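Q: Following this message is one structure expressed as structure tokens.
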Protein chains: 2
Amino acid sequence: MIEICEVGPRDGLQNECKIVPTAQKVELINKLIEAGIRNIEAVSFVNPKVVPPMADAEEVLKSLPKRDDVRFGGLVLSRSGLERALKTNVDFLHVVTTTSDSFNLRNAKRTVDQAVGELSLVINEGTASGKGVAGVLGTAFGCPFEGEVPLENVLKVAEKFLEAGCTEITLADTTGMANPNQVQEVVNSFLDTFGKDLSLGLHFHNTRGLGLANVLAGYQAGVRRFDSSIAGLGGCPFAPKAVGNVCTEDMINMFHGMGIDTDTDLASILETAKWMETVMERPLDGMLLKAGIV
Amino acid sequence: MIEICEVGPRDGLQNECKIVPTAQKVELINKLIEAGIRNIEAVSFVNPKVVPPMADAEEVLKSLPKRDDVRFGGLVLSRSGLERALKTNVDFLHVVTTTSDSFNLRNAKRTVDQAVGELSLVINEGTASGKGVAGVLGTAFGCPFEGEVPLENVLKVAEKFLEAGCTEITLADTTGMANPNQVQEVVNSFLDTFGKDLSLGLHFHNTRGLGLANVLAGYQAGVRRFDSSIAGLGGCPFAPKAVGNVCTEDMINMFHGMGIDTDTDLASILETAKWMETVMERPLDGMLLKAGIV
């Protein structure tokens with residue numbers, strides 16, 4: 001049994017050129033729930049001036065159905081984001097830092113240590129306020145500026161996040177540098193260090209075509225939670241190097257073909273992906289969109 | 001160490017809308033050799049009336065360099081194809097049938113048994129004339145008309161081909177239906193049946209985004225020869241469901257990332273893929289073309 005964390009409404013749409021209206025975001029999330037998805041990164045509490053497409057977090061959350069069996073997550077990168085999140089009914093905070101100083105300084109204007117310091121307080125306060133908190137570690141499989149990111153650095157950030165109160169960790173391959181052997185090594189190392197009961201997720205982009213091969217390697221190493229985005233959202237065609245997350249329906253198709261349950265209805269997911277193409281007004285990257293289900 | 005069988009000049013170009021002139025086919029093959037590729041499906045001896053883009057097999061072969069360290073293959077589907085092939089200096093005949101009657105009747109107007117009967121004579125005669133002969137089994141992982149193709153049927157065709165004189169077998173996922181678990185099961189079954197020394201290759205299309213995940217699964221099961229096509233050639237944009245072979249440079253990038261040698265120069269392969277985009281006058285499917293090498 002695989003748990004899918006659908007990140008299309010956040011990581012996907014954030015990296016599209018077209019800004020999607022709030023009502024359509026809500027419609028997308030409702031369609032995903034209808035198809036069986038139960039874990040959705042729905043919004044981001046980053047500064048709206050920095051990421052305008054995500055400015056409507058509060059409005060999106062207000063319009064979502066109240067369901068005990070669905071978990072809505074929101075991205076939090078700072079104390080100000082936390083303050084916004086705590087005023088909403090978001091279920092889980094997705095607290096993110098990269099694990100490479102070069103990347104983090106460019107992306108968030110602080111070192112990894114500085115980020116971990118501030119975010120540990122965010123995690124403390126979030127859990128104290130009754131929110132679940134997931135720790136997401138970017139550049140966990142490599143940094144485009146530094147190359148290899150030493151595994152001990154990634155483990156150290158995870159340790160701090162877990163100590164601060166995170167109940168789960170997701171390792172993100174921010175720029176698509178992971179390969180299957182490395183995925184198995186990193187996962188093995190995480191499970192060795194933190195125990196087999198660690199709730200560990202993987203977040204891949206299909207930047208170099210290895211998204212599903214890396215998911216397979218992670219599955220083989222024992223991981224059972226994977227991020228993905230409907231239709232492979234996230235590859236703005238005007239940003240030449242942008243490539244979306246692993247595509248939800250393509251990943252489900254792989255798992256179902258392998259006889260592994262995901263508790264989702266693939267036909268309904270594929271219909272949602274097709275609808276998403278009409279919303280985005282461009283062909284999206286998912287392969288099943290062209291080829292159909294086997 | 002992985003052996004790549006580059007099928008771009010044949011399987012790739014055959015499934016493109018644009019017909020590539022002979023001189024550019026030869027230039028492509030020379031660039032591939034320059035980059036380290038040593039096994040190339042260069043031509044097809046099918047009826048030129050049926051597949052016009054491949055009509056220039058004899059001309060292509062005449063213009064290729066004479067090199068003992070490079071193997072040039074040509075597709076042969078019938079006795080008339082064999083007669084043409086035997087008049088050339090092609091090194092290896094790639095003798096192909098699908099393993100599903102429904103597919104074969106539509107595609108080659110004969111049952112699998114009829115195909116195996118005629119092709120066994122082709123294999124006999126080809127080997128007697130000093131050519132190497134590889135047996136390629138299409139729809140080995142499923143048929144779009146019949147669904148599952150019983151593994152015993154696939155094994156039976158392989159047995160006949162090996163008895164007739166084939167020195168190697170390639171299993172082809174003609175319409176992109178394979179999944180990683182199935183790949184491992186089929187490969188295990190082939191190695192159990194014919195022994196670990198069987199020279200076994202795999203030929204995947206990326207139709208449903210699983211090309212590299214299936215290559216990974218095949219590698220894990222012990223396969224060391226994989227077909228691929230430069231830049232992912234083979235997805236004619238006007239044939240909505242056409243998707244090319246696994247992309248050569250993306251596959252090499254995966255193996256090199258995993259620390260597995262291919263004896264090829266990835267930068268040079270990627271340059272060739274870029275050049276191929278100028279030849280085809282359209283963006284091709286390979287992901288490294290956009291993202292670059294890690």
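Order determines the names: the first chain of the structure tokens is A, the second B, and so forth; residues in each chain are numbered 1 upward, and ligands are numbered 1 upward as they are shown.
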Tell me which protein, DNA and RNA residues are within 10 Å of B:Trp275, counting only C-alpha atoms, leaving out same-chain ones fewer than 4 positions away, and put them as a ChimeraX atom specification.
A: /B:28,31,231,269-271,279-281
Q: For a quick test of understanding: name the residues of chain A lying within 6 Å of chain B when counting only C-alpha atoms, and present them as number ranges by chain.
A: A: 179, 181, 208-209, 212-213, 241, 257-258, 287-288, 290-291
Q: For N, CA and C atoms, I'd like the residues from the last selection saved as an mmCIF file, in the first residue's frame.
A:
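Wrote out30.cif, looks like this:
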data_model
loop_
_atom_site.group_PDB
_atom_site.id
_atom_site.type_symbol
_atom_site.label_atom_id
_atom_site.label_comp_id
_atom_site.auth_asym_id
_atom_site.auth_seq_id
_atom_site.Cartn_x
_atom_site.Cartn_y
_atom_site.Cartn_z
ATOM 1 N N ASN A 179 19.765 9.484 -8.463
ATOM 2 C CA ASN A 179 19.743 8.264 -9.275
ATOM 3 C C ASN A 179 19.355 7.096 -8.375
ATOM 4 N N ASN A 181 20.540 4.139 -7.438
ATOM 5 C CA ASN A 181 21.455 3.591 -6.426
ATOM 6 C C ASN A 181 21.567 4.527 -5.230
ATOM 7 N N ARG A 208 15.380 14.827 -15.236
ATOM 8 C CA ARG A 208 16.243 14.061 -16.152
ATOM 9 C C ARG A 208 15.629 12.704 -16.501
ATOM 10 N N GLY A 209 14.303 12.632 -16.375
ATOM 11 C CA GLY A 209 13.589 11.421 -16.815
ATOM 12 C C GLY A 209 13.651 10.264 -15.840
ATOM 13 N N LEU A 212 10.310 8.143 -12.095
ATOM 14 C CA LEU A 212 9.703 6.864 -11.710
ATOM 15 C C LEU A 212 10.746 5.803 -11.380
ATOM 16 N N ALA A 213 11.914 5.849 -12.012
ATOM 17 C CA ALA A 213 12.984 4.913 -11.641
ATOM 18 C C ALA A 213 13.409 5.168 -10.194
ATOM 19 N N LYS A 241 14.230 25.214 -18.145
ATOM 20 C CA LYS A 241 14.717 24.061 -17.388
ATOM 21 C C LYS A 241 13.723 23.573 -16.343
ATOM 22 N N GLY A 257 0.219 -1.500 -11.972
ATOM 23 C CA GLY A 257 0.775 -2.537 -12.848
ATOM 24 C C GLY A 257 1.597 -3.552 -12.065
ATOM 25 N N MET A 258 2.272 -3.064 -11.035
ATOM 26 C CA MET A 258 3.103 -3.938 -10.198
ATOM 27 C C MET A 258 2.270 -4.681 -9.149
ATOM 28 N N MET A 287 2.483 11.155 -19.148
ATOM 29 C CA MET A 287 2.530 10.282 -20.325
ATOM 30 C C MET A 287 1.192 9.574 -20.537
ATOM 31 N N LEU A 288 0.510 9.218 -19.462
ATOM 32 C CA LEU A 288 -0.781 8.540 -19.609
ATOM 33 C C LEU A 288 -1.806 9.435 -20.304
ATOM 34 N N LYS A 290 -1.375 10.966 -22.948
ATOM 35 C CA LYS A 290 -1.317 10.610 -24.369
ATOM 36 C C LYS A 290 -1.657 9.143 -24.600
ATOM 37 N N ALA A 291 -1.075 8.278 -23.763
ATOM 38 C CA ALA A 291 -1.100 6.835 -24.071
ATOM 39 C C ALA A 291 -2.325 6.126 -23.501
#
Q: If I take atom CA of A:Lys156 and atom CA of A:Glu118, how far is one from the other in Å, to one decimal?
A: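 Between atom CA of A:Lys156 and atom CA of A:Glu118 the gap works out to 15.3 Å.
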Q: Please extract the residues of stretch 45-294 of chain B with a backbone DSSP assignment of helix (DSSP H, G or I) and present them as number ranges by chain.
A: B: 52-54, 57-63, 79-86, 101-108, 112-128, 151-164, 180-194, 211-220, 230-232, 248-257, 266-280, 288-291
Q: Selected residues, C-alpha atoms, written as a CSV table (one decimal), in the first residue's frame, please.
A:
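Printed below is part03.csv as written:
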chain,number,residue,atom,x,y,z
B,52,PRO,CA,9.4,4.3,-47.2
B,53,PRO,CA,11.7,6.0,-44.7
B,54,MET,CA,13.8,2.8,-44.5
B,57,ALA,CA,19.2,0.3,-46.4
B,58,GLU,CA,21.8,-0.7,-49.0
B,59,GLU,CA,23.0,2.8,-49.5
B,60,VAL,CA,23.3,3.5,-45.8
B,61,LEU,CA,25.4,0.3,-45.3
B,62,LYS,CA,27.7,1.1,-48.3
B,63,SER,CA,28.5,4.5,-46.7
B,79,ARG,CA,12.8,-14.3,-46.8
B,80,SER,CA,12.7,-11.4,-49.2
B,81,GLY,CA,14.3,-9.2,-46.5
B,82,LEU,CA,16.9,-11.9,-45.9
B,83,GLU,CA,17.8,-11.9,-49.6
B,84,ARG,CA,18.5,-8.2,-49.6
B,85,ALA,CA,20.4,-8.4,-46.4
B,86,LEU,CA,22.7,-11.2,-47.6
B,101,ASP,CA,-1.5,-13.6,-32.8
B,102,SER,CA,-3.9,-10.6,-32.8
B,103,PHE,CA,-1.0,-8.2,-33.1
B,104,ASN,CA,0.9,-10.2,-35.6
B,105,LEU,CA,-2.1,-10.8,-37.9
B,106,ARG,CA,-2.7,-7.0,-38.0
B,107,ASN,CA,0.9,-6.1,-38.3
B,108,ALA,CA,2.4,-8.8,-40.5
B,112,VAL,CA,2.9,-16.2,-34.6
B,113,ASP,CA,3.4,-19.8,-35.6
B,114,GLN,CA,3.5,-18.9,-39.3
B,115,ALA,CA,6.0,-16.1,-38.5
B,116,VAL,CA,8.2,-18.5,-36.5
B,117,GLY,CA,8.1,-21.1,-39.3
B,118,GLU,CA,9.3,-18.6,-42.0
B,119,LEU,CA,11.7,-16.8,-39.7
B,120,SER,CA,13.3,-20.1,-38.5
B,121,LEU,CA,14.4,-20.7,-42.1
B,122,VAL,CA,15.6,-17.1,-42.3
B,123,ILE,CA,17.7,-17.7,-39.2
B,124,ASN,CA,19.1,-21.0,-40.5
B,125,GLU,CA,20.1,-19.4,-43.8
B,126,GLY,CA,21.4,-16.2,-42.2
B,127,THR,CA,23.7,-18.1,-39.9
B,128,ALA,CA,24.7,-20.5,-42.7
B,151,LEU,CA,4.9,-16.1,-20.8
B,152,GLU,CA,5.0,-19.6,-22.1
B,153,ASN,CA,4.2,-18.3,-25.5
B,154,VAL,CA,7.0,-15.9,-25.4
B,155,LEU,CA,9.4,-18.6,-24.1
B,156,LYS,CA,8.3,-20.9,-26.9
B,157,VAL,CA,9.1,-18.4,-29.6
B,158,ALA,CA,12.5,-17.8,-28.0
B,159,GLU,CA,13.2,-21.5,-27.9
B,160,LYS,CA,12.4,-21.9,-31.6
B,161,PHE,CA,14.6,-18.9,-32.5
B,162,LEU,CA,17.5,-20.3,-30.4
B,163,GLU,CA,17.1,-23.7,-31.9
B,164,ALA,CA,17.2,-22.2,-35.4
B,180,PRO,CA,9.1,-3.2,-13.3
B,181,ASN,CA,7.8,-6.3,-11.4
B,182,GLN,CA,6.8,-8.0,-14.6
B,183,VAL,CA,10.2,-7.2,-16.2
B,184,GLN,CA,11.9,-8.9,-13.3
B,185,GLU,CA,9.6,-11.9,-13.5
B,186,VAL,CA,10.0,-12.3,-17.3
B,187,VAL,CA,13.8,-11.9,-17.1
B,188,ASN,CA,14.0,-14.4,-14.2
B,189,SER,CA,12.0,-16.9,-16.2
B,190,PHE,CA,14.1,-16.5,-19.3
B,191,LEU,CA,17.4,-17.0,-17.3
B,192,ASP,CA,15.9,-20.0,-15.5
B,193,THR,CA,14.7,-21.6,-18.7
B,194,PHE,CA,17.7,-20.9,-21.0
B,211,GLY,CA,11.1,3.3,-19.8
B,212,LEU,CA,13.9,3.9,-17.4
B,213,ALA,CA,12.1,2.2,-14.4
B,214,ASN,CA,11.8,-0.9,-16.6
B,215,VAL,CA,15.5,-0.6,-17.6
B,216,LEU,CA,16.4,-0.4,-13.9
B,217,ALA,CA,14.3,-3.5,-13.1
B,218,GLY,CA,15.9,-5.4,-16.0
B,219,TYR,CA,19.4,-4.4,-14.8
B,220,GLN,CA,18.5,-5.6,-11.3
B,230,ILE,CA,19.2,8.9,-29.4
B,231,ALA,CA,17.1,11.8,-28.1
B,232,GLY,CA,14.2,9.4,-27.7
B,248,THR,CA,19.9,6.8,-25.1
B,249,GLU,CA,21.5,9.8,-23.3
B,250,ASP,CA,18.9,9.7,-20.5
B,251,MET,CA,19.6,6.0,-20.0
B,252,ILE,CA,23.4,6.5,-20.0
B,253,ASN,CA,23.0,9.4,-17.5
B,254,MET,CA,21.1,7.0,-15.2
B,255,PHE,CA,23.7,4.3,-15.4
B,256,HIS,CA,26.7,6.7,-15.0
B,257,GLY,CA,24.9,8.3,-12.0
B,266,LEU,CA,27.8,11.1,-22.4
B,267,ALA,CA,28.7,14.7,-23.4
B,268,SER,CA,29.3,13.6,-26.9
B,269,ILE,CA,26.1,11.6,-27.0
B,270,LEU,CA,24.2,14.6,-25.8
B,271,GLU,CA,25.8,16.8,-28.5
B,272,THR,CA,24.6,14.2,-31.0
B,273,ALA,CA,21.1,14.4,-29.6
B,274,LYS,CA,21.1,18.2,-29.9
B,275,TRP,CA,22.3,17.9,-33.5
B,276,MET,CA,19.4,15.4,-34.1
B,277,GLU,CA,16.9,18.1,-33.0
B,278,THR,CA,18.2,20.3,-35.8
B,279,VAL,CA,17.9,17.4,-38.3
B,280,MET,CA,14.3,16.6,-37.2
B,288,LEU,CA,18.8,15.7,-20.8
B,289,LEU,CA,18.3,17.9,-23.9
B,290,LYS,CA,16.5,20.3,-21.6
B,291,ALA,CA,18.1,19.7,-18.3
Q: Can you work out the spacing between atom CA of B:Lys18 and atom CA of B:Cys236 in Å, to one decimal?
A: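 Spanning atom CA of B:Lys18 to atom CA of B:Cys236 is a straight-line distance of 8.2 Å.
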Q: Contacts of stretch 88-100 of chain B at 6 Å or less, counting only C-alpha atoms, minus same-chain residues fewer than 5 places along, as a ChimeraX atom specification?
A: /B:71-77,112,131-139,154
Q: One number please: atom CA of B:Ala140 to atom CA of B:Thr174, in Å, one decimal.
A: 7.7 Å
Q: Check stretch 8-242 of chain B with DSSP on the backbone and list each residue it calls strand (DSSP E or B), as a short mmCIF file (atom, residue, chain, number, x, y, z; two decimals) with N, CA and C atoms, in the first residue's frame.
A:
data_model
loop_
_atom_site.label_atom_id
_atom_site.label_comp_id
_atom_site.auth_asym_id
_atom_site.auth_seq_id
_atom_site.Cartn_x
_atom_site.Cartn_y
_atom_site.Cartn_z
N ASN B 39 27.16 -0.99 -31.00
CA ASN B 39 26.12 -1.90 -31.49
C ASN B 39 24.98 -1.02 -31.97
N ILE B 40 24.74 -1.03 -33.27
CA ILE B 40 23.79 -0.08 -33.86
C ILE B 40 22.83 -0.81 -34.80
N GLU B 41 21.53 -0.69 -34.52
CA GLU B 41 20.54 -1.16 -35.50
C GLU B 41 20.45 -0.06 -36.55
N ALA B 42 21.11 -0.30 -37.68
CA ALA B 42 21.35 0.79 -38.63
C ALA B 42 20.28 0.88 -39.70
N VAL B 43 19.72 -0.27 -40.10
CA VAL B 43 18.83 -0.28 -41.26
C VAL B 43 17.71 -1.30 -41.07
N SER B 44 16.77 -1.26 -42.01
CA SER B 44 15.69 -2.24 -42.04
C SER B 44 15.55 -2.76 -43.47
N ARG B 71 29.30 -3.14 -34.56
CA ARG B 71 28.39 -4.12 -35.15
C ARG B 71 27.17 -3.39 -35.71
N PHE B 72 26.92 -3.58 -36.99
CA PHE B 72 25.75 -2.97 -37.63
C PHE B 72 24.67 -4.01 -37.83
N GLY B 73 23.47 -3.71 -37.34
CA GLY B 73 22.36 -4.64 -37.47
C GLY B 73 21.32 -4.13 -38.45
N GLY B 74 20.59 -5.07 -39.03
CA GLY B 74 19.50 -4.71 -39.94
C GLY B 74 18.29 -5.58 -39.65
N LEU B 75 17.12 -4.94 -39.66
CA LEU B 75 15.88 -5.65 -39.37
C LEU B 75 15.48 -6.54 -40.55
N VAL B 76 15.12 -7.79 -40.24
CA VAL B 76 14.67 -8.72 -41.28
C VAL B 76 13.38 -9.39 -40.80
N PHE B 92 24.73 -8.16 -38.42
CA PHE B 92 23.75 -8.93 -37.65
C PHE B 92 22.37 -8.73 -38.26
N LEU B 93 21.63 -9.82 -38.36
CA LEU B 93 20.23 -9.73 -38.73
C LEU B 93 19.40 -9.67 -37.45
N HIS B 94 18.51 -8.70 -37.36
CA HIS B 94 17.58 -8.63 -36.24
C HIS B 94 16.25 -9.18 -36.73
N VAL B 95 15.99 -10.43 -36.41
CA VAL B 95 14.80 -11.13 -36.89
C VAL B 95 13.69 -10.95 -35.85
N VAL B 96 12.57 -10.40 -36.29
CA VAL B 96 11.54 -9.97 -35.35
C VAL B 96 10.19 -10.62 -35.63
N THR B 97 9.55 -11.09 -34.59
CA THR B 97 8.12 -11.36 -34.65
C THR B 97 7.51 -10.88 -33.34
N THR B 98 6.21 -10.58 -33.36
CA THR B 98 5.55 -10.38 -32.08
C THR B 98 5.13 -11.77 -31.57
N GLY B 132 25.59 -12.98 -38.07
CA GLY B 132 25.02 -13.18 -36.74
C GLY B 132 23.52 -12.95 -36.80
N VAL B 133 22.77 -13.62 -35.97
CA VAL B 133 21.32 -13.41 -35.98
C VAL B 133 20.80 -13.23 -34.54
N ALA B 134 20.13 -12.12 -34.31
CA ALA B 134 19.47 -11.87 -33.02
C ALA B 134 17.97 -12.05 -33.20
N GLY B 135 17.33 -12.70 -32.24
CA GLY B 135 15.87 -12.85 -32.27
C GLY B 135 15.22 -11.81 -31.39
N VAL B 136 14.29 -11.07 -31.96
CA VAL B 136 13.60 -10.02 -31.20
C VAL B 136 12.12 -10.40 -31.07
N LEU B 137 11.64 -10.46 -29.83
CA LEU B 137 10.27 -10.88 -29.57
C LEU B 137 9.42 -9.69 -29.13
N GLY B 138 8.55 -9.23 -30.04
CA GLY B 138 7.69 -8.09 -29.73
C GLY B 138 6.51 -8.51 -28.85
N CYS B 143 0.04 -7.18 -25.06
CA CYS B 143 -0.46 -6.85 -26.40
C CYS B 143 -1.66 -5.92 -26.24
N GLY B 147 -4.19 -8.02 -24.40
CA GLY B 147 -3.83 -7.84 -22.99
C GLY B 147 -2.58 -8.65 -22.69
N GLU B 168 21.35 -14.61 -29.70
CA GLU B 168 20.86 -13.73 -28.63
C GLU B 168 19.37 -13.46 -28.82
N ILE B 169 18.74 -13.06 -27.72
CA ILE B 169 17.30 -12.77 -27.71
C ILE B 169 17.10 -11.38 -27.11
N THR B 170 16.21 -10.61 -27.75
CA THR B 170 15.80 -9.33 -27.16
C THR B 170 14.29 -9.34 -26.96
N LEU B 171 13.88 -8.97 -25.76
CA LEU B 171 12.45 -8.90 -25.44
C LEU B 171 11.99 -7.45 -25.60
N ALA B 172 10.98 -7.25 -26.44
CA ALA B 172 10.55 -5.88 -26.75
C ALA B 172 9.16 -5.61 -26.20
N LEU B 200 20.76 -11.88 -23.31
CA LEU B 200 19.39 -11.35 -23.27
C LEU B 200 19.41 -9.82 -23.26
N GLY B 201 18.64 -9.24 -24.16
CA GLY B 201 18.52 -7.78 -24.21
C GLY B 201 17.09 -7.34 -23.96
N LEU B 202 16.91 -6.08 -23.63
CA LEU B 202 15.57 -5.53 -23.39
C LEU B 202 15.38 -4.27 -24.23
N HIS B 203 14.17 -4.13 -24.73
CA HIS B 203 13.83 -3.03 -25.64
C HIS B 203 12.53 -2.40 -25.14
N HIS B 205 9.88 1.05 -24.74
CA HIS B 205 9.43 2.37 -25.18
C HIS B 205 8.97 3.13 -23.94
N ARG B 225 22.23 -5.74 -21.60
CA ARG B 225 22.13 -5.12 -22.93
C ARG B 225 20.76 -4.47 -23.08
N PHE B 226 20.75 -3.19 -23.43
CA PHE B 226 19.50 -2.44 -23.55
C PHE B 226 19.47 -1.67 -24.86
N ASP B 227 18.33 -1.76 -25.54
CA ASP B 227 18.09 -0.93 -26.72
C ASP B 227 17.69 0.48 -26.27
N SER B 228 18.07 1.47 -27.05
CA SER B 228 17.62 2.84 -26.77
C SER B 228 17.79 3.64 -28.04
N SER B 229 17.15 4.81 -28.09
CA SER B 229 17.33 5.63 -29.29
C SER B 229 17.72 7.04 -28.90
#
